[in-house]
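Here the structure is laid out as structure tokens; the discussion comes afterwards.
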Amino acid sequence: MSEKINYVTTLTPEIIEKAEKELSEDDHLRTQSVLALREWAKKQPHLESMPLDAQFLLKYLRGCKFSMEKTKKKLDMTLTLRTALPEYFGDWDPMTPENQLVLSMGGILPLPGYDHLGRKVVVNRPGVNNPAKCKFEDVQRVGFMLNEIMADEDEQMFITGLVVLIDMANFTMGHMTAMPMAAMKKLMPCWEDASPIRPKSLNYIHTSSIFNTINNMMSSLMNDKIKQRMRVHGDDMESLYKEIPKSILPTDYGGDNVSLDEITAYWKKKCEDRRDFLITQSKIKSDESKRPGRPKTSDELFGIEGSFRKLNVD
């Protein structure tokens with residue numbers, strides 16, 4: 001039966017067991033769900049560019065705990081946002097000067113390996129990006145590019161989830177003013193309403209007095225579930241180690257993993273090596289001229305009236 005969807009797992013027996021226990025996943029559910037999504041997609045003319053391979057569809061099914069309606073909404077939203085936000089989802093060539101600059105700074109870095117609970121850990125260092133040299137949109141675009149590669153190469157993450165470490169060192173008022181509220185508002189639905197990755201915790205370290213301002217701004221945009229998963233450790237590394245063990249943290253944070261510089265070089269090269277993949281992925285978006293009913297416009301998606309909470313994209 002599983003041959004019909006052409007799926008070969010990369011998961012360990014332990015993670016397969018976790019998927020069975022937490023997502024009720026088995027061969028039958030997996031096969032039926034993928035086949036059902038393919039049938040649905042064929043009836044969505046505006047989603048023609050959406051991949052229909054099992055690997056791609058399973059990311060969303062697992063992220064939505066195999067709820068078919070949630071998965072359809074999330075897939076539609078993913079492609080809709082990619083059309084509505086070309087500043088984040090266009091120009092995915094890692095060799096452009098803008099993308100090269102951001103990649104060399106290492107502001108967003110998925111760490112090698114997993115933590116003690118099998119979760120993927122990503123370090124975000126907003127303070128390393130020079131706001132005089134690179135725009136907020138450039139930094140976020142590269143973040144989405146890295147995320148795309150990580151999602152393509154890491155099946156486990158969609159079962160175990162993601163942990164984010166946000167290092168606020170060297171974050172200044174200059175960084176703050178370079179983050180327009182309108183851009184932040186557009187960013188939130190990309191993670192909350194479109195991404196199949198489930199964030200398990202957000203951990204802030206090296207927070208300065210400016211952190212309260214940015215935290216208030218971010219909190220006003222976050223949903224309640226994400227807010228409840230926030231942890232502020234400040235400079236208390238022992239507190240951090242309780243949430244993210246030393247075994248996966250870079251040496252820069254007193255951990256046993258490789259250094260941040262080495263991880264930066266690794267991801268820069270990885271993006272360059274997968275240039276063709278990234279350029280191809282950036283073409284996965286909705287064709288609003290073919291959407292049944294009314295096309296989704298930016299005004300509707302991001303305007304004061306058109307909040308995502310009220311959107312019906314099924």
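Starting from 1 in every chain, residues are counted up; chains themselves are A, B, ... following the order of the structure tokens, and ligands are numbered from 1 as listed.
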(message) Need to verify the contact set: A:Lys59, 10 Å, only C-alpha atoms, exclusion of same-chain residues closer than 5 positions in sequence. Can you return it as JSON, numbers by chain?
(response) {"A": [54, 64, 65, 66, 71, 151, 152, 154, 155, 156, 157, 158, 159, 195, 196, 197]}
For N, CA, C and O atoms, I'd like the residues from the last selection saved as a JSON list (two decimals), in the first residue's frame.
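Result file out-v9.json:
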```json
[["chain", "number", "residue", "atom", "x", "y", "z"],
["A", 54, "ALA", "N", 5.11, 12.70, -1.74],
["A", 54, "ALA", "CA", 4.76, 12.34, -0.37],
["A", 54, "ALA", "C", 5.61, 13.10, 0.65],
["A", 54, "ALA", "O", 5.11, 13.53, 1.70],
["A", 64, "CYS", "N", 0.22, 19.28, 11.07],
["A", 64, "CYS", "CA", -1.19, 19.49, 11.43],
["A", 64, "CYS", "C", -1.79, 18.26, 12.10],
["A", 64, "CYS", "O", -3.02, 18.14, 12.19],
["A", 65, "LYS", "N", -0.93, 17.35, 12.55],
["A", 65, "LYS", "CA", -1.37, 16.11, 13.23],
["A", 65, "LYS", "C", -2.43, 15.35, 12.42],
["A", 65, "LYS", "O", -3.40, 14.83, 12.96],
["A", 66, "PHE", "N", -2.21, 15.34, 11.10],
["A", 66, "PHE", "CA", -3.05, 14.60, 10.14],
["A", 66, "PHE", "C", -4.50, 15.09, 10.08],
["A", 66, "PHE", "O", -5.38, 14.36, 9.61],
["A", 71, "THR", "N", -4.56, 20.86, 7.26],
["A", 71, "THR", "CA", -3.48, 20.70, 6.28],
["A", 71, "THR", "C", -3.80, 21.46, 5.00],
["A", 71, "THR", "O", -2.94, 22.16, 4.45],
["A", 151, "ALA", "N", 14.01, 21.95, 6.01],
["A", 151, "ALA", "CA", 12.76, 21.18, 5.92],
["A", 151, "ALA", "C", 12.86, 20.07, 4.88],
["A", 151, "ALA", "O", 12.28, 19.00, 5.04],
["A", 152, "ASP", "N", 13.62, 20.32, 3.81],
["A", 152, "ASP", "CA", 13.78, 19.31, 2.76],
["A", 152, "ASP", "C", 14.67, 18.16, 3.22],
["A", 152, "ASP", "O", 14.48, 17.03, 2.79],
["A", 154, "ASP", "N", 15.32, 17.32, 6.57],
["A", 154, "ASP", "CA", 15.11, 16.88, 7.95],
["A", 154, "ASP", "C", 13.67, 16.45, 8.19],
["A", 154, "ASP", "O", 12.82, 17.25, 8.53],
["A", 155, "GLU", "N", 13.39, 15.19, 8.00],
["A", 155, "GLU", "CA", 12.04, 14.66, 8.18],
["A", 155, "GLU", "C", 11.64, 14.63, 9.66],
["A", 155, "GLU", "O", 10.48, 14.88, 10.02],
["A", 156, "GLN", "N", 12.60, 14.37, 10.51],
["A", 156, "GLN", "CA", 12.33, 14.20, 11.95],
["A", 156, "GLN", "C", 11.71, 15.44, 12.60],
["A", 156, "GLN", "O", 10.85, 15.34, 13.47],
["A", 157, "MET", "N", 12.16, 16.60, 12.14],
["A", 157, "MET", "CA", 11.73, 17.87, 12.74],
["A", 157, "MET", "C", 10.21, 18.05, 12.76],
["A", 157, "MET", "O", 9.66, 18.69, 13.66],
["A", 158, "PHE", "N", 9.52, 17.47, 11.77],
["A", 158, "PHE", "CA", 8.07, 17.65, 11.66],
["A", 158, "PHE", "C", 7.30, 16.76, 12.64],
["A", 158, "PHE", "O", 6.10, 16.91, 12.82],
["A", 159, "ILE", "N", 8.03, 15.87, 13.30],
["A", 159, "ILE", "CA", 7.43, 15.02, 14.33],
["A", 159, "ILE", "C", 7.82, 15.51, 15.72],
["A", 159, "ILE", "O", 6.99, 15.61, 16.61],
["A", 195, "SER", "N", 3.45, 27.84, 8.24],
["A", 195, "SER", "CA", 4.54, 26.87, 8.47],
["A", 195, "SER", "C", 4.03, 25.58, 9.13],
["A", 195, "SER", "O", 3.28, 25.62, 10.10],
["A", 196, "PRO", "N", 4.47, 24.42, 8.60],
["A", 196, "PRO", "CA", 4.09, 23.16, 9.24],
["A", 196, "PRO", "C", 4.98, 22.79, 10.43],
["A", 196, "PRO", "O", 4.76, 21.79, 11.09],
["A", 197, "ILE", "N", 6.00, 23.61, 10.70],
["A", 197, "ILE", "CA", 6.92, 23.32, 11.80],
["A", 197, "ILE", "C", 6.31, 23.79, 13.11],
["A", 197, "ILE", "O", 5.82, 24.92, 13.20]]
```
(request) Using only C-alpha atoms, determine which residues lie at most 10 Å from A:Phe136, disregarding the query and same-chain residues fewer than 6 positions distant; provide the list as a list of chain:residue names. (result) A:Glu87, A:Tyr88, A:Pro126, A:Asn129, A:Asn130, A:His175, A:Thr177, A:Ala178, A:Met179, A:Pro180, A:Ala183, A:Met184
Would you save the residues of that selection, restricted to all heavy atoms, as a short mmCIF file (atom, residue, chain, number, x, y, z; two decimals), in the first residue's frame?
```cif
data_model
loop_
_atom_site.label_atom_id
_atom_site.label_comp_id
_atom_site.auth_asym_id
_atom_site.auth_seq_id
_atom_site.Cartn_x
_atom_site.Cartn_y
_atom_site.Cartn_z
N GLU A 87 9.01 39.98 -1.33
CA GLU A 87 10.22 40.45 -0.64
C GLU A 87 10.85 39.36 0.22
O GLU A 87 12.04 39.38 0.50
CB GLU A 87 9.92 41.70 0.21
CG GLU A 87 8.93 41.51 1.34
CD GLU A 87 7.48 41.78 0.98
OE1 GLU A 87 7.07 41.44 -0.14
OE2 GLU A 87 6.76 42.34 1.83
N TYR A 88 10.05 38.38 0.65
CA TYR A 88 10.56 37.26 1.43
C TYR A 88 10.74 35.99 0.60
O TYR A 88 11.63 35.19 0.86
CB TYR A 88 9.60 36.91 2.59
CG TYR A 88 9.39 38.01 3.60
CD1 TYR A 88 8.13 38.23 4.16
CD2 TYR A 88 10.44 38.83 4.00
CE1 TYR A 88 7.93 39.24 5.09
CE2 TYR A 88 10.24 39.84 4.93
CZ TYR A 88 8.98 40.04 5.47
OH TYR A 88 8.79 41.04 6.40
N PRO A 126 19.82 38.25 15.87
CA PRO A 126 19.49 39.47 15.13
C PRO A 126 20.54 40.57 15.26
O PRO A 126 20.66 41.43 14.39
CB PRO A 126 18.15 39.91 15.74
CG PRO A 126 18.07 39.23 17.07
CD PRO A 126 18.83 37.94 16.91
N ASN A 129 23.47 41.18 12.34
CA ASN A 129 23.17 41.79 11.05
C ASN A 129 23.33 43.30 11.15
O ASN A 129 22.80 43.92 12.07
CB ASN A 129 21.74 41.45 10.61
CG ASN A 129 21.56 39.94 10.46
OD1 ASN A 129 22.26 39.30 9.69
ND2 ASN A 129 20.63 39.37 11.22
N ASN A 130 24.04 43.88 10.20
CA ASN A 130 24.28 45.32 10.21
C ASN A 130 23.12 46.02 9.48
O ASN A 130 23.01 45.92 8.26
CB ASN A 130 25.60 45.61 9.49
CG ASN A 130 25.96 47.09 9.54
OD1 ASN A 130 25.11 47.94 9.77
ND2 ASN A 130 27.22 47.39 9.29
N HIS A 175 18.95 48.41 15.18
CA HIS A 175 18.29 47.18 14.71
C HIS A 175 16.77 47.31 14.89
O HIS A 175 16.00 46.88 14.04
CB HIS A 175 18.78 45.96 15.51
CG HIS A 175 20.19 45.58 15.23
ND1 HIS A 175 21.24 46.00 16.01
CD2 HIS A 175 20.74 44.82 14.23
CE1 HIS A 175 22.37 45.50 15.52
NE2 HIS A 175 22.09 44.79 14.44
N THR A 177 14.83 50.03 14.96
CA THR A 177 14.17 50.92 14.01
C THR A 177 14.18 50.36 12.59
O THR A 177 13.41 50.79 11.75
CB THR A 177 14.82 52.33 14.02
OG1 THR A 177 16.23 52.17 13.83
CG2 THR A 177 14.57 53.03 15.34
N ALA A 178 15.06 49.39 12.34
CA ALA A 178 15.11 48.76 11.01
C ALA A 178 14.09 47.63 10.86
O ALA A 178 14.04 46.97 9.83
CB ALA A 178 16.53 48.23 10.74
N MET A 179 13.29 47.43 11.91
CA MET A 179 12.26 46.38 11.86
C MET A 179 10.89 47.04 11.79
O MET A 179 10.26 47.28 12.82
CB MET A 179 12.32 45.51 13.13
CG MET A 179 13.60 44.72 13.27
SD MET A 179 13.83 44.05 14.94
CE MET A 179 12.45 42.94 15.09
N PRO A 180 10.42 47.38 10.61
CA PRO A 180 9.13 48.08 10.51
C PRO A 180 7.99 47.21 11.04
O PRO A 180 7.96 46.00 10.78
CB PRO A 180 8.95 48.32 9.00
CG PRO A 180 10.25 47.96 8.37
CD PRO A 180 10.99 47.07 9.30
N ALA A 183 6.16 45.25 8.41
CA ALA A 183 6.89 44.06 7.94
C ALA A 183 6.78 42.94 8.96
O ALA A 183 6.61 41.76 8.60
CB ALA A 183 8.36 44.41 7.69
N MET A 184 6.84 43.29 10.23
CA MET A 184 6.72 42.29 11.29
C MET A 184 5.34 41.63 11.24
O MET A 184 5.19 40.43 11.42
CB MET A 184 6.90 42.94 12.66
CG MET A 184 8.26 43.54 12.89
SD MET A 184 9.53 42.28 13.04
CE MET A 184 9.08 41.58 14.61
#
```
(request) Write down as a PyMOL selection string the residues of stretch 32-128 of chain A whose backbone DSSP state falls under helix (DSSP H, G or I). (result) chain A and resi 32-42+45-47+54-63+68-84+86-89+97-105+126-128
(message) When you count only C-alpha atoms, which of these residues is closest to A:Val142: A:Thr12, A:Asn124, A:Gln44, A:Asn212?
(response) A:Asn124
(request) Fewer than 3 positions away in the same chain doesn't count, so skip those; otherwise give me all residues within 12 Å of A:Lys268, counting only C-alpha atoms, as a list of chain:residue names. (result) A:Pro94, A:Met95, A:Asn99, A:Gln100, A:Leu101, A:Val102, A:Leu103, A:Ser104, A:Met105, A:Gly106, A:Gly107, A:Ile108, A:Leu109, A:Pro110, A:Val142, A:Gly143, A:Met145, A:Leu146, A:Ile149, A:Asp261, A:Glu262, A:Ile263, A:Thr264, A:Ala265, A:Cys271, A:Glu272, A:Asp273, A:Arg274, A:Arg275
For the residues in that selection, give me N, CA and C atoms as a PDB file, in the first residue's frame.
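The result, written out as part-v9.pdb:
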```pdb
ATOM      1  N   PRO A  94      21.033  32.218  -3.893  1.00  0.00           N
ATOM      2  CA  PRO A  94      21.961  32.511  -2.786  1.00  0.00           C
ATOM      3  C   PRO A  94      23.189  33.312  -3.222  1.00  0.00           C
ATOM      4  N   MET A  95      23.400  33.441  -4.542  1.00  0.00           N
ATOM      5  CA  MET A  95      24.592  34.135  -5.019  1.00  0.00           C
ATOM      6  C   MET A  95      24.393  35.645  -5.202  1.00  0.00           C
ATOM      7  N   ASN A  99      21.945  38.370  -0.596  1.00  0.00           N
ATOM      8  CA  ASN A  99      21.856  37.074   0.095  1.00  0.00           C
ATOM      9  C   ASN A  99      23.225  36.604   0.589  1.00  0.00           C
ATOM     10  N   GLN A 100      24.268  36.867  -0.194  1.00  0.00           N
ATOM     11  CA  GLN A 100      25.624  36.491   0.218  1.00  0.00           C
ATOM     12  C   GLN A 100      26.021  37.213   1.507  1.00  0.00           C
ATOM     13  N   LEU A 101      25.691  38.501   1.577  1.00  0.00           N
ATOM     14  CA  LEU A 101      26.043  39.293   2.762  1.00  0.00           C
ATOM     15  C   LEU A 101      25.368  38.720   4.008  1.00  0.00           C
ATOM     16  N   VAL A 102      24.075  38.442   3.906  1.00  0.00           N
ATOM     17  CA  VAL A 102      23.344  37.922   5.066  1.00  0.00           C
ATOM     18  C   VAL A 102      23.854  36.530   5.443  1.00  0.00           C
ATOM     19  N   LEU A 103      24.103  35.694   4.447  1.00  0.00           N
ATOM     20  CA  LEU A 103      24.621  34.343   4.729  1.00  0.00           C
ATOM     21  C   LEU A 103      25.971  34.398   5.448  1.00  0.00           C
ATOM     22  N   SER A 104      26.807  35.343   5.067  1.00  0.00           N
ATOM     23  CA  SER A 104      28.143  35.435   5.684  1.00  0.00           C
ATOM     24  C   SER A 104      28.078  35.941   7.125  1.00  0.00           C
ATOM     25  N   MET A 105      26.987  36.614   7.493  1.00  0.00           N
ATOM     26  CA  MET A 105      26.843  37.120   8.863  1.00  0.00           C
ATOM     27  C   MET A 105      26.383  36.032   9.841  1.00  0.00           C
ATOM     28  N   GLY A 106      25.692  35.031   9.347  1.00  0.00           N
ATOM     29  CA  GLY A 106      25.271  33.919  10.219  1.00  0.00           C
ATOM     30  C   GLY A 106      24.245  34.303  11.262  1.00  0.00           C
ATOM     31  N   GLY A 107      23.258  35.087  10.861  1.00  0.00           N
ATOM     32  CA  GLY A 107      22.233  35.521  11.816  1.00  0.00           C
ATOM     33  C   GLY A 107      21.242  34.431  12.190  1.00  0.00           C
ATOM     34  N   ILE A 108      20.981  33.515  11.241  1.00  0.00           N
ATOM     35  CA  ILE A 108      20.047  32.412  11.504  1.00  0.00           C
ATOM     36  C   ILE A 108      20.761  31.105  11.180  1.00  0.00           C
ATOM     37  N   LEU A 109      20.908  30.243  12.197  1.00  0.00           N
ATOM     38  CA  LEU A 109      21.723  29.038  12.039  1.00  0.00           C
ATOM     39  C   LEU A 109      21.059  27.794  12.639  1.00  0.00           C
ATOM     40  N   PRO A 110      20.568  26.867  11.805  1.00  0.00           N
ATOM     41  CA  PRO A 110      20.143  25.568  12.334  1.00  0.00           C
ATOM     42  C   PRO A 110      21.375  24.818  12.843  1.00  0.00           C
ATOM     43  N   VAL A 142      16.606  35.235   3.707  1.00  0.00           N
ATOM     44  CA  VAL A 142      17.621  34.191   3.883  1.00  0.00           C
ATOM     45  C   VAL A 142      17.175  33.195   4.945  1.00  0.00           C
ATOM     46  N   GLY A 143      16.493  33.686   5.973  1.00  0.00           N
ATOM     47  CA  GLY A 143      15.947  32.776   6.991  1.00  0.00           C
ATOM     48  C   GLY A 143      14.985  31.766   6.378  1.00  0.00           C
ATOM     49  N   MET A 145      14.973  30.819   3.247  1.00  0.00           N
ATOM     50  CA  MET A 145      15.758  29.935   2.367  1.00  0.00           C
ATOM     51  C   MET A 145      16.407  28.801   3.174  1.00  0.00           C
ATOM     52  N   LEU A 146      17.003  29.165   4.294  1.00  0.00           N
ATOM     53  CA  LEU A 146      17.616  28.160   5.175  1.00  0.00           C
ATOM     54  C   LEU A 146      16.566  27.174   5.670  1.00  0.00           C
ATOM     55  N   ILE A 149      15.661  24.541   3.045  1.00  0.00           N
ATOM     56  CA  ILE A 149      16.646  23.454   2.913  1.00  0.00           C
ATOM     57  C   ILE A 149      16.552  22.516   4.106  1.00  0.00           C
ATOM     58  N   ASP A 261      30.981  30.150  14.035  1.00  0.00           N
ATOM     59  CA  ASP A 261      31.674  30.467  12.765  1.00  0.00           C
ATOM     60  C   ASP A 261      31.667  29.268  11.816  1.00  0.00           C
ATOM     61  N   GLU A 262      31.904  28.078  12.369  1.00  0.00           N
ATOM     62  CA  GLU A 262      31.900  26.866  11.538  1.00  0.00           C
ATOM     63  C   GLU A 262      30.499  26.580  10.983  1.00  0.00           C
ATOM     64  N   ILE A 263      29.486  26.808  11.819  1.00  0.00           N
ATOM     65  CA  ILE A 263      28.099  26.562  11.383  1.00  0.00           C
ATOM     66  C   ILE A 263      27.690  27.589  10.324  1.00  0.00           C
ATOM     67  N   THR A 264      28.157  28.838  10.481  1.00  0.00           N
ATOM     68  CA  THR A 264      27.888  29.883   9.483  1.00  0.00           C
ATOM     69  C   THR A 264      28.468  29.484   8.128  1.00  0.00           C
ATOM     70  N   ALA A 265      29.732  29.038   8.132  1.00  0.00           N
ATOM     71  CA  ALA A 265      30.392  28.629   6.881  1.00  0.00           C
ATOM     72  C   ALA A 265      29.679  27.432   6.258  1.00  0.00           C
ATOM     73  N   CYS A 271      23.755  26.494   1.129  1.00  0.00           N
ATOM     74  CA  CYS A 271      22.838  27.271   0.275  1.00  0.00           C
ATOM     75  C   CYS A 271      23.398  27.407  -1.146  1.00  0.00           C
ATOM     76  N   GLU A 272      24.705  27.639  -1.242  1.00  0.00           N
ATOM     77  CA  GLU A 272      25.323  27.761  -2.567  1.00  0.00           C
ATOM     78  C   GLU A 272      25.246  26.438  -3.331  1.00  0.00           C
ATOM     79  N   ASP A 273      25.497  25.336  -2.627  1.00  0.00           N
ATOM     80  CA  ASP A 273      25.444  24.005  -3.256  1.00  0.00           C
ATOM     81  C   ASP A 273      24.030  23.660  -3.718  1.00  0.00           C
ATOM     82  N   ARG A 274      23.031  24.177  -3.001  1.00  0.00           N
ATOM     83  CA  ARG A 274      21.636  23.852  -3.329  1.00  0.00           C
ATOM     84  C   ARG A 274      20.934  25.026  -4.025  1.00  0.00           C
ATOM     85  N   ARG A 275      21.716  25.764  -4.765  1.00  0.00           N
ATOM     86  CA  ARG A 275      21.190  26.948  -5.476  1.00  0.00           C
ATOM     87  C   ARG A 275      20.009  26.589  -6.389  1.00  0.00           C
TER      88      ARG A 275
END
```
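With only C-alpha atoms as the atoms that count, the minimum distance from A:Thr83 to the choices A:Leu47, A:Val258, A:Leu29, A:Ile205 is reached by A:Leu47.
Residue nearest A:Lys185, chosen from A:Met222, A:Val34, A:Leu79, A:Val139 and counting only C-alpha atoms: A:Met222.
Minimum distance to A:Val123 across A:Met181, A:Asp167, A:Phe89, A:Leu187 (counting only C-alpha atoms) occurs at A:Asp167.
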(request) Name the closest residue to A:Ala36 among the candidates A:Glu69, A:Glu22, A:Asp224, A:Glu238; distances are taken between atoms, counting only C-alpha atoms. (result) A:Glu69
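The gap separating atom CA of A:Pro45 from atom CA of A:Pro292 is 7.6 Å, in Å to one decimal.
Nearest to A:Ile248 of all the residues A:Phe211, A:Phe277, A:Trp267, A:Tyr114 is A:Tyr114, counting only C-alpha atoms.
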All strand (DSSP E or B) positions in stretch 3-235 of chain A, as a JSON list (two decimals) with N, CA and C atoms, in the first residue's frame:
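Output file part27.json is given in full below:
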```
[["chain", "number", "residue", "atom", "x", "y", "z"],
["A", 108, "ILE", "N", 20.98, 33.51, 11.24],
["A", 108, "ILE", "CA", 20.05, 32.41, 11.50],
["A", 108, "ILE", "C", 20.76, 31.11, 11.18],
["A", 109, "LEU", "N", 20.91, 30.24, 12.20],
["A", 109, "LEU", "CA", 21.72, 29.04, 12.04],
["A", 109, "LEU", "C", 21.06, 27.79, 12.64],
["A", 110, "PRO", "N", 20.57, 26.87, 11.81],
["A", 110, "PRO", "CA", 20.14, 25.57, 12.33],
["A", 110, "PRO", "C", 21.37, 24.82, 12.84],
["A", 120, "LYS", "N", 14.85, 19.76, 16.71],
["A", 120, "LYS", "CA", 15.80, 20.58, 15.97],
["A", 120, "LYS", "C", 15.97, 21.89, 16.71],
["A", 121, "VAL", "N", 17.19, 22.42, 16.74],
["A", 121, "VAL", "CA", 17.44, 23.71, 17.40],
["A", 121, "VAL", "C", 17.98, 24.70, 16.37],
["A", 122, "VAL", "N", 17.41, 25.89, 16.35],
["A", 122, "VAL", "CA", 17.87, 26.95, 15.45],
["A", 122, "VAL", "C", 18.27, 28.15, 16.30],
["A", 123, "VAL", "N", 19.45, 28.70, 16.00],
["A", 123, "VAL", "CA", 19.92, 29.91, 16.69],
["A", 123, "VAL", "C", 19.61, 31.12, 15.81],
["A", 124, "ASN", "N", 19.02, 32.13, 16.42],
["A", 124, "ASN", "CA", 18.73, 33.39, 15.73],
["A", 124, "ASN", "C", 19.50, 34.50, 16.44],
["A", 162, "LEU", "N", 10.52, 22.06, 16.88],
["A", 162, "LEU", "CA", 11.64, 22.98, 16.76],
["A", 162, "LEU", "C", 11.81, 23.79, 18.04],
["A", 163, "VAL", "N", 13.06, 24.02, 18.41],
["A", 163, "VAL", "CA", 13.38, 24.90, 19.53],
["A", 163, "VAL", "C", 14.21, 26.06, 18.98],
["A", 164, "VAL", "N", 13.84, 27.29, 19.36],
["A", 164, "VAL", "CA", 14.55, 28.46, 18.84],
["A", 164, "VAL", "C", 15.31, 29.14, 19.99],
["A", 165, "LEU", "N", 16.58, 29.43, 19.74],
["A", 165, "LEU", "CA", 17.40, 30.18, 20.69],
["A", 165, "LEU", "C", 17.67, 31.55, 20.08],
["A", 166, "ILE", "N", 17.17, 32.60, 20.72],
["A", 166, "ILE", "CA", 17.33, 33.96, 20.19],
["A", 166, "ILE", "C", 18.35, 34.70, 21.06],
["A", 167, "ASP", "N", 19.51, 34.94, 20.48],
["A", 167, "ASP", "CA", 20.62, 35.60, 21.17],
["A", 167, "ASP", "C", 20.54, 37.10, 20.87],
["A", 199, "PRO", "N", 6.84, 25.05, 16.73],
["A", 199, "PRO", "CA", 7.84, 25.53, 17.68],
["A", 199, "PRO", "C", 7.50, 25.07, 19.10],
["A", 200, "LYS", "N", 8.45, 24.44, 19.77],
["A", 200, "LYS", "CA", 8.22, 23.94, 21.13],
["A", 200, "LYS", "C", 8.60, 24.96, 22.19],
["A", 201, "SER", "N", 9.63, 25.76, 21.91],
["A", 201, "SER", "CA", 9.97, 26.85, 22.85],
["A", 201, "SER", "C", 10.84, 27.90, 22.18],
["A", 202, "LEU", "N", 10.68, 29.15, 22.65],
["A", 202, "LEU", "CA", 11.50, 30.28, 22.20],
["A", 202, "LEU", "C", 12.32, 30.72, 23.39],
["A", 203, "ASN", "N", 13.62, 30.70, 23.26],
["A", 203, "ASN", "CA", 14.51, 30.99, 24.38],
["A", 203, "ASN", "C", 15.36, 32.22, 24.10],
["A", 204, "TYR", "N", 15.21, 33.25, 24.93],
["A", 204, "TYR", "CA", 15.96, 34.50, 24.74],
["A", 204, "TYR", "C", 17.13, 34.55, 25.72],
["A", 205, "ILE", "N", 18.31, 34.88, 25.18],
["A", 205, "ILE", "CA", 19.48, 35.08, 26.04],
["A", 205, "ILE", "C", 20.13, 36.43, 25.72],
["A", 230, "MET", "N", 7.48, 30.97, 25.53],
["A", 230, "MET", "CA", 8.64, 31.86, 25.61],
["A", 230, "MET", "C", 9.37, 31.70, 26.94],
["A", 231, "ARG", "N", 10.70, 31.68, 26.86],
["A", 231, "ARG", "CA", 11.55, 31.60, 28.06],
["A", 231, "ARG", "C", 12.61, 32.70, 27.96],
["A", 232, "VAL", "N", 12.70, 33.54, 28.97],
["A", 232, "VAL", "CA", 13.74, 34.58, 28.97],
["A", 232, "VAL", "C", 14.80, 34.21, 29.99],
["A", 233, "HIS", "N", 16.01, 33.86, 29.51],
["A", 233, "HIS", "CA", 17.09, 33.40, 30.39],
["A", 233, "HIS", "C", 18.06, 34.53, 30.75],
["A", 234, "GLY", "N", 18.04, 35.63, 29.98],
["A", 234, "GLY", "CA", 19.01, 36.70, 30.21],
["A", 234, "GLY", "C", 20.42, 36.18, 30.03]]
```
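What separates atom CA of A:Lys270 from atom CA of A:Lys74 is a distance of 27.3 Å.
Straight-line separation from atom CA of A:Ile284 to atom CA of A:Asp93: 14.4 Å.
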